Amino acid sequence: MEDSIQSKLIYTNLQLDNASEMINKGQFEQSYKLCLYLKELLEKVHDLSDPSFSYAFFRLAGLFVDLGNRDSNLESSQIGLEIMESNSFEHCLTRDSYYYCLANAKGNLTQSDSNNYCKTDVSKIERFSEVGSLLLKATMIRRKNKDVLSPQVMVNMGINLYLQYRFSEALSLFDKVNCMGLDIPESWVNRSECLALLNQITEVFSIQQYKEVAQGYYHASVSSEFPYDWQNNFFNKAKHTEKEIEDYCLDLGIDIEDDKHLDEQEYQSLSEYRRWCLDNFLSLSEHGLYCKCHGSARDNLNIPVPTRAVAGDFILPMEKVLNRLKSEFGLARLMLYEHQSDKKDNDIDDDACYAELYDNELLGTNIEKLRTAFRICFGILDKIGNAIALLFDLQLKTNKGKVRPSYFHTFWELENEDRRQKFEAYDNEGLIGLYSIACDLNHKLEGELSFYKQWRNALEHSFVFVYENEKPEDIETSLAYYEEPVFISESEFVESAEHVLQLTRSAIFSFVFAVRIKAEKEALEDIPNILSQDKFIERKKYT
């Protein structure tokens, strides 16, 4: 009997390998039929408590999810999700792997009706946010265990972020993966589509941006991970994009040059600090989102686009807000840089004397720079929240009708149906990006990054113990007078501070896009007989 069960397991795993190979070759229908057969076979095994059979069943669920995505098979995605949610795989799978696979299944279903996608459908954005939360759960578990994050997780996170118009964060993840030199074509494809969508929304065209789009498609066209017809499709997309570049240059009467070597020279000519800003995805330059040449040498992000003026009484006050955001962000970023590079004025020593308590606590001006950088970011976010609430008439009021202060992570709460409809009616991708970030930081919405806000509050009002190396024992005794003190290792705090800065950068970009889009829409409304075209382009995701 035991030999019979073992032989079934061997047979099942071989067939699972065959189904996976069929997917890689683009034989989706054959693979789907085989998976349905294997599902029926495994369901006949009454005891799935055996880790080997349980893992085989989970592999099958993953294949259904892959088929759902690759072949746009909604039924297959649904089957995969049902298997994952109706069975316990804790004894055969790590929690981070489970969250990652569950995110893929739910992500497929969320993206499946992309042809009917409404960019400001809050309910759909909330589903994207749910998928993002699952991916963040997987990420945080690996970070806590000090494990390296899987490139494929990074790619899927990037896709999920760019579908919520968080372009700067998505592009940074795609760039990180592409720099690894691995054959992961999904990263190249979605980077190209992200840049194309960014161009449509911001209407800021650059030749270099479209060159980057074409390059991504070329990379995908030679990948061994894609079937031949997909390779050919992406090759044609690359050629079509290059033709658009040629036509554009012809209209302007300029030549197309291969200037990649010049971009590298320009990058090397930048200051050490500016290169650090670009390498760590902390610049406030639209050109710097995809290129590191002289065009990204300064934080020149502005509300009006360079090629066209935008009108509106709100432009000047919003530019004033942006000036303040840039100024404070620049200080926070510089403090992070100085902490990481240990840059300091040798003529100004930290001459404070500290009692030796043998508790590994980090004290002094260098660690205070990191604490201050972290706190500044939340001040920036709240300023964005107040500016957007005022501009879009989204301010919350007390029972007596007085305007309540707008905190970034809370004023987006849309329980009220009228408020929700108003938010959707603006049809503004910049607002959606900000709403998505706020959901991640909101503890009421179970945002996976809400602990960052808790840390910030503790830094301001309680006690945050940043320690070096290992957490010392019995330290709680000396902190008995403090309510819920927070303990963070230096390495975790540095990583978190950098992430919070990148989130803040993303929010600043979304703020600019939101104001710019509002100005563009109002300009169109002022011009009679002009039909506004939907900028959204249908696209298929490849995960």
# chains A, B, ... in the order shown; residues from 1 in each chain; ligands from 1

call {"tool": "select_by_dssp", "arguments": {"residues": "segment 188-428 of chain A", "states": "strand (DSSP E or B)", "output": "number ranges by chain"}}
result
A: 305, 308, 361, 397, 403

call {"tool": "residues_around", "arguments": {"residues": "Asn160 of chain A", "least_positions_apart": "2", "cutoff": "8 Å", "atoms": "only C-alpha atoms", "output": "ChimeraX atom specification"}}
result
/A:107,128,131-132,156-158,162-164,170

call {"tool": "closest_residue", "arguments": {"among": "A:Ile303, A:Ala438, A:Leu134, A:Ile384", "to": "Ile517 of chain A", "atoms": "only C-alpha atoms"}}
result
A:Ile303

call {"tool": "atom_distance", "arguments": {"atom1": "atom CA of Tyr165 of chain A", "atom2": "atom CA of Asp299 of chain A"}}
result
20.5 Å

call {"tool": "closest_residue", "arguments": {"among": "A:Leu270, A:Phe89, A:Phe235, A:Asn18", "to": "Pro51 of chain A", "atoms": "only C-alpha atoms"}}
result
A:Phe89

call {"tool": "atom_distance", "arguments": {"atom1": "atom CA of Leu16 of chain A", "atom2": "atom CA of Val65 of chain A"}}
result
13.5 Å

call {"tool": "closest_residue", "arguments": {"among": "A:Glu484, A:Asp418, A:Asp382, A:Glu40", "to": "Leu394 of chain A", "atoms": "only C-alpha atoms"}}
result
A:Asp418

call {"tool": "select_by_dssp", "arguments": {"residues": "segment 125-337 of chain A", "states": "alpha helix (DSSP H)", "output": "ChimeraX atom specification"}}
result
/A:125-144,151-162,167-178,185-202,207-221,228-252,260-269,272-279,315-337

call {"tool": "residues_around", "arguments": {"residues": "Asp17 of chain A", "least_positions_apart": "2", "cutoff": "12 Å", "atoms": "only C-alpha atoms", "output": "VMD selection string"}}
result
chain A and resid 10 to 15 19 to 24 31 34 to 35 38 56 59 to 60 63

call {"tool": "decode", "arguments": {"residues": "segment 282-296 of chain A", "atoms": "all heavy atoms", "output": "PDB file, in the first residue's frame"}}
result
ATOM      1  N   LEU A 282      16.483  58.239  -5.124  1.00  0.00           N
ATOM      2  CA  LEU A 282      16.071  59.319  -4.236  1.00  0.00           C
ATOM      3  C   LEU A 282      16.165  60.691  -4.891  1.00  0.00           C
ATOM      4  O   LEU A 282      16.222  61.713  -4.206  1.00  0.00           O
ATOM      5  CB  LEU A 282      16.917  59.302  -2.949  1.00  0.00           C
ATOM      6  CG  LEU A 282      16.700  58.107  -2.020  1.00  0.00           C
ATOM      7  CD1 LEU A 282      17.714  58.107  -0.880  1.00  0.00           C
ATOM      8  CD2 LEU A 282      15.284  58.096  -1.459  1.00  0.00           C
ATOM      9  N   SER A 283      16.179  60.732  -6.222  1.00  0.00           N
ATOM     10  CA  SER A 283      16.207  62.018  -6.908  1.00  0.00           C
ATOM     11  C   SER A 283      14.784  62.500  -7.152  1.00  0.00           C
ATOM     12  O   SER A 283      13.854  61.695  -7.257  1.00  0.00           O
ATOM     13  CB  SER A 283      16.943  61.906  -8.244  1.00  0.00           C
ATOM     14  OG  SER A 283      16.145  61.211  -9.194  1.00  0.00           O
ATOM     15  N   LEU A 284      14.614  63.801  -7.264  1.00  0.00           N
ATOM     16  CA  LEU A 284      13.324  64.395  -7.618  1.00  0.00           C
ATOM     17  C   LEU A 284      13.442  64.978  -9.017  1.00  0.00           C
ATOM     18  O   LEU A 284      13.342  66.181  -9.239  1.00  0.00           O
ATOM     19  CB  LEU A 284      12.917  65.459  -6.603  1.00  0.00           C
ATOM     20  CG  LEU A 284      12.593  64.946  -5.200  1.00  0.00           C
ATOM     21  CD1 LEU A 284      12.238  66.104  -4.271  1.00  0.00           C
ATOM     22  CD2 LEU A 284      11.443  63.940  -5.234  1.00  0.00           C
ATOM     23  N   SER A 285      13.685  64.097  -9.964  1.00  0.00           N
ATOM     24  CA  SER A 285      13.837  64.460 -11.371  1.00  0.00           C
ATOM     25  C   SER A 285      13.067  63.444 -12.201  1.00  0.00           C
ATOM     26  O   SER A 285      13.261  62.239 -12.036  1.00  0.00           O
ATOM     27  CB  SER A 285      15.324  64.450 -11.769  1.00  0.00           C
ATOM     28  OG  SER A 285      15.483  64.363 -13.168  1.00  0.00           O
ATOM     29  N   GLU A 286      12.188  63.914 -13.088  1.00  0.00           N
ATOM     30  CA  GLU A 286      11.448  62.977 -13.932  1.00  0.00           C
ATOM     31  C   GLU A 286      12.388  62.207 -14.848  1.00  0.00           C
ATOM     32  O   GLU A 286      12.201  61.019 -15.080  1.00  0.00           O
ATOM     33  CB  GLU A 286      10.380  63.725 -14.741  1.00  0.00           C
ATOM     34  CG  GLU A 286       9.192  64.148 -13.899  1.00  0.00           C
ATOM     35  CD  GLU A 286       8.085  64.792 -14.697  1.00  0.00           C
ATOM     36  OE1 GLU A 286       7.383  64.084 -15.443  1.00  0.00           O
ATOM     37  OE2 GLU A 286       7.927  66.024 -14.570  1.00  0.00           O
ATOM     38  N   HIS A 287      13.390  62.893 -15.368  1.00  0.00           N
ATOM     39  CA  HIS A 287      14.370  62.218 -16.217  1.00  0.00           C
ATOM     40  C   HIS A 287      15.141  61.177 -15.410  1.00  0.00           C
ATOM     41  O   HIS A 287      15.504  60.121 -15.919  1.00  0.00           O
ATOM     42  CB  HIS A 287      15.332  63.241 -16.826  1.00  0.00           C
ATOM     43  CG  HIS A 287      16.106  62.719 -17.996  1.00  0.00           C
ATOM     44  ND1 HIS A 287      15.565  62.581 -19.255  1.00  0.00           N
ATOM     45  CD2 HIS A 287      17.382  62.273 -18.088  1.00  0.00           C
ATOM     46  CE1 HIS A 287      16.471  62.083 -20.086  1.00  0.00           C
ATOM     47  NE2 HIS A 287      17.581  61.891 -19.411  1.00  0.00           N
ATOM     48  N   GLY A 288      15.361  61.468 -14.143  1.00  0.00           N
ATOM     49  CA  GLY A 288      16.094  60.557 -13.278  1.00  0.00           C
ATOM     50  C   GLY A 288      15.342  59.289 -12.946  1.00  0.00           C
ATOM     51  O   GLY A 288      15.920  58.364 -12.368  1.00  0.00           O
ATOM     52  N   LEU A 289      14.071  59.192 -13.323  1.00  0.00           N
ATOM     53  CA  LEU A 289      13.323  57.960 -13.106  1.00  0.00           C
ATOM     54  C   LEU A 289      13.838  56.828 -13.979  1.00  0.00           C
ATOM     55  O   LEU A 289      13.657  55.655 -13.660  1.00  0.00           O
ATOM     56  CB  LEU A 289      11.831  58.177 -13.391  1.00  0.00           C
ATOM     57  CG  LEU A 289      11.059  59.040 -12.386  1.00  0.00           C
ATOM     58  CD1 LEU A 289       9.654  59.308 -12.895  1.00  0.00           C
ATOM     59  CD2 LEU A 289      11.007  58.370 -11.020  1.00  0.00           C
ATOM     60  N   TYR A 290      14.484  57.173 -15.101  1.00  0.00           N
ATOM     61  CA  TYR A 290      14.915  56.128 -16.033  1.00  0.00           C
ATOM     62  C   TYR A 290      16.306  56.359 -16.618  1.00  0.00           C
ATOM     63  O   TYR A 290      16.790  55.528 -17.387  1.00  0.00           O
ATOM     64  CB  TYR A 290      13.910  56.001 -17.187  1.00  0.00           C
ATOM     65  CG  TYR A 290      13.614  57.318 -17.887  1.00  0.00           C
ATOM     66  CD1 TYR A 290      14.418  57.780 -18.922  1.00  0.00           C
ATOM     67  CD2 TYR A 290      12.527  58.090 -17.508  1.00  0.00           C
ATOM     68  CE1 TYR A 290      14.150  58.987 -19.550  1.00  0.00           C
ATOM     69  CE2 TYR A 290      12.255  59.296 -18.129  1.00  0.00           C
ATOM     70  CZ  TYR A 290      13.063  59.736 -19.154  1.00  0.00           C
ATOM     71  OH  TYR A 290      12.796  60.937 -19.768  1.00  0.00           O
ATOM     72  N   CYS A 291      16.964  57.459 -16.261  1.00  0.00           N
ATOM     73  CA  CYS A 291      18.278  57.756 -16.847  1.00  0.00           C
ATOM     74  C   CYS A 291      19.123  58.509 -15.821  1.00  0.00           C
ATOM     75  O   CYS A 291      18.596  59.254 -14.987  1.00  0.00           O
ATOM     76  CB  CYS A 291      18.099  58.586 -18.122  1.00  0.00           C
ATOM     77  SG  CYS A 291      19.633  58.926 -19.004  1.00  0.00           S
ATOM     78  N   LYS A 292      20.453  58.339 -15.914  1.00  0.00           N
ATOM     79  CA  LYS A 292      21.362  58.958 -14.949  1.00  0.00           C
ATOM     80  C   LYS A 292      22.342  59.918 -15.627  1.00  0.00           C
ATOM     81  O   LYS A 292      23.472  60.086 -15.183  1.00  0.00           O
ATOM     82  CB  LYS A 292      22.147  57.881 -14.191  1.00  0.00           C
ATOM     83  CG  LYS A 292      21.270  56.934 -13.380  1.00  0.00           C
ATOM     84  CD  LYS A 292      22.111  55.890 -12.668  1.00  0.00           C
ATOM     85  CE  LYS A 292      21.241  54.922 -11.877  1.00  0.00           C
ATOM     86  NZ  LYS A 292      22.049  53.891 -11.177  1.00  0.00           N
ATOM     87  N   CYS A 293      21.907  60.585 -16.694  1.00  0.00           N
ATOM     88  CA  CYS A 293      22.772  61.527 -17.398  1.00  0.00           C
ATOM     89  C   CYS A 293      22.652  62.914 -16.766  1.00  0.00           C
ATOM     90  O   CYS A 293      22.066  63.080 -15.693  1.00  0.00           O
ATOM     91  CB  CYS A 293      22.411  61.568 -18.881  1.00  0.00           C
ATOM     92  SG  CYS A 293      20.782  62.295 -19.191  1.00  0.00           S
ATOM     93  N   HIS A 294      23.179  63.944 -17.472  1.00  0.00           N
ATOM     94  CA  HIS A 294      23.119  65.312 -16.950  1.00  0.00           C
ATOM     95  C   HIS A 294      21.677  65.787 -16.776  1.00  0.00           C
ATOM     96  O   HIS A 294      21.409  66.690 -15.968  1.00  0.00           O
ATOM     97  CB  HIS A 294      23.858  66.274 -17.884  1.00  0.00           C
ATOM     98  CG  HIS A 294      25.327  66.363 -17.591  1.00  0.00           C
ATOM     99  ND1 HIS A 294      25.823  66.432 -16.308  1.00  0.00           N
ATOM    100  CD2 HIS A 294      26.405  66.394 -18.414  1.00  0.00           C
ATOM    101  CE1 HIS A 294      27.147  66.498 -16.341  1.00  0.00           C
ATOM    102  NE2 HIS A 294      27.530  66.475 -17.611  1.00  0.00           N
ATOM    103  N   GLY A 295      20.753  65.198 -17.532  1.00  0.00           N
ATOM    104  CA  GLY A 295      19.350  65.581 -17.413  1.00  0.00           C
ATOM    105  C   GLY A 295      18.753  65.291 -16.050  1.00  0.00           C
ATOM    106  O   GLY A 295      17.704  65.833 -15.707  1.00  0.00           O
ATOM    107  N   SER A 296      19.420  64.435 -15.281  1.00  0.00           N
ATOM    108  CA  SER A 296      18.928  64.103 -13.941  1.00  0.00           C
ATOM    109  C   SER A 296      19.867  64.619 -12.851  1.00  0.00           C
ATOM    110  O   SER A 296      19.855  64.135 -11.733  1.00  0.00           O
ATOM    111  CB  SER A 296      18.768  62.587 -13.808  1.00  0.00           C
ATOM    112  OG  SER A 296      19.975  61.926 -14.129  1.00  0.00           O
TER     113      SER A 296
END
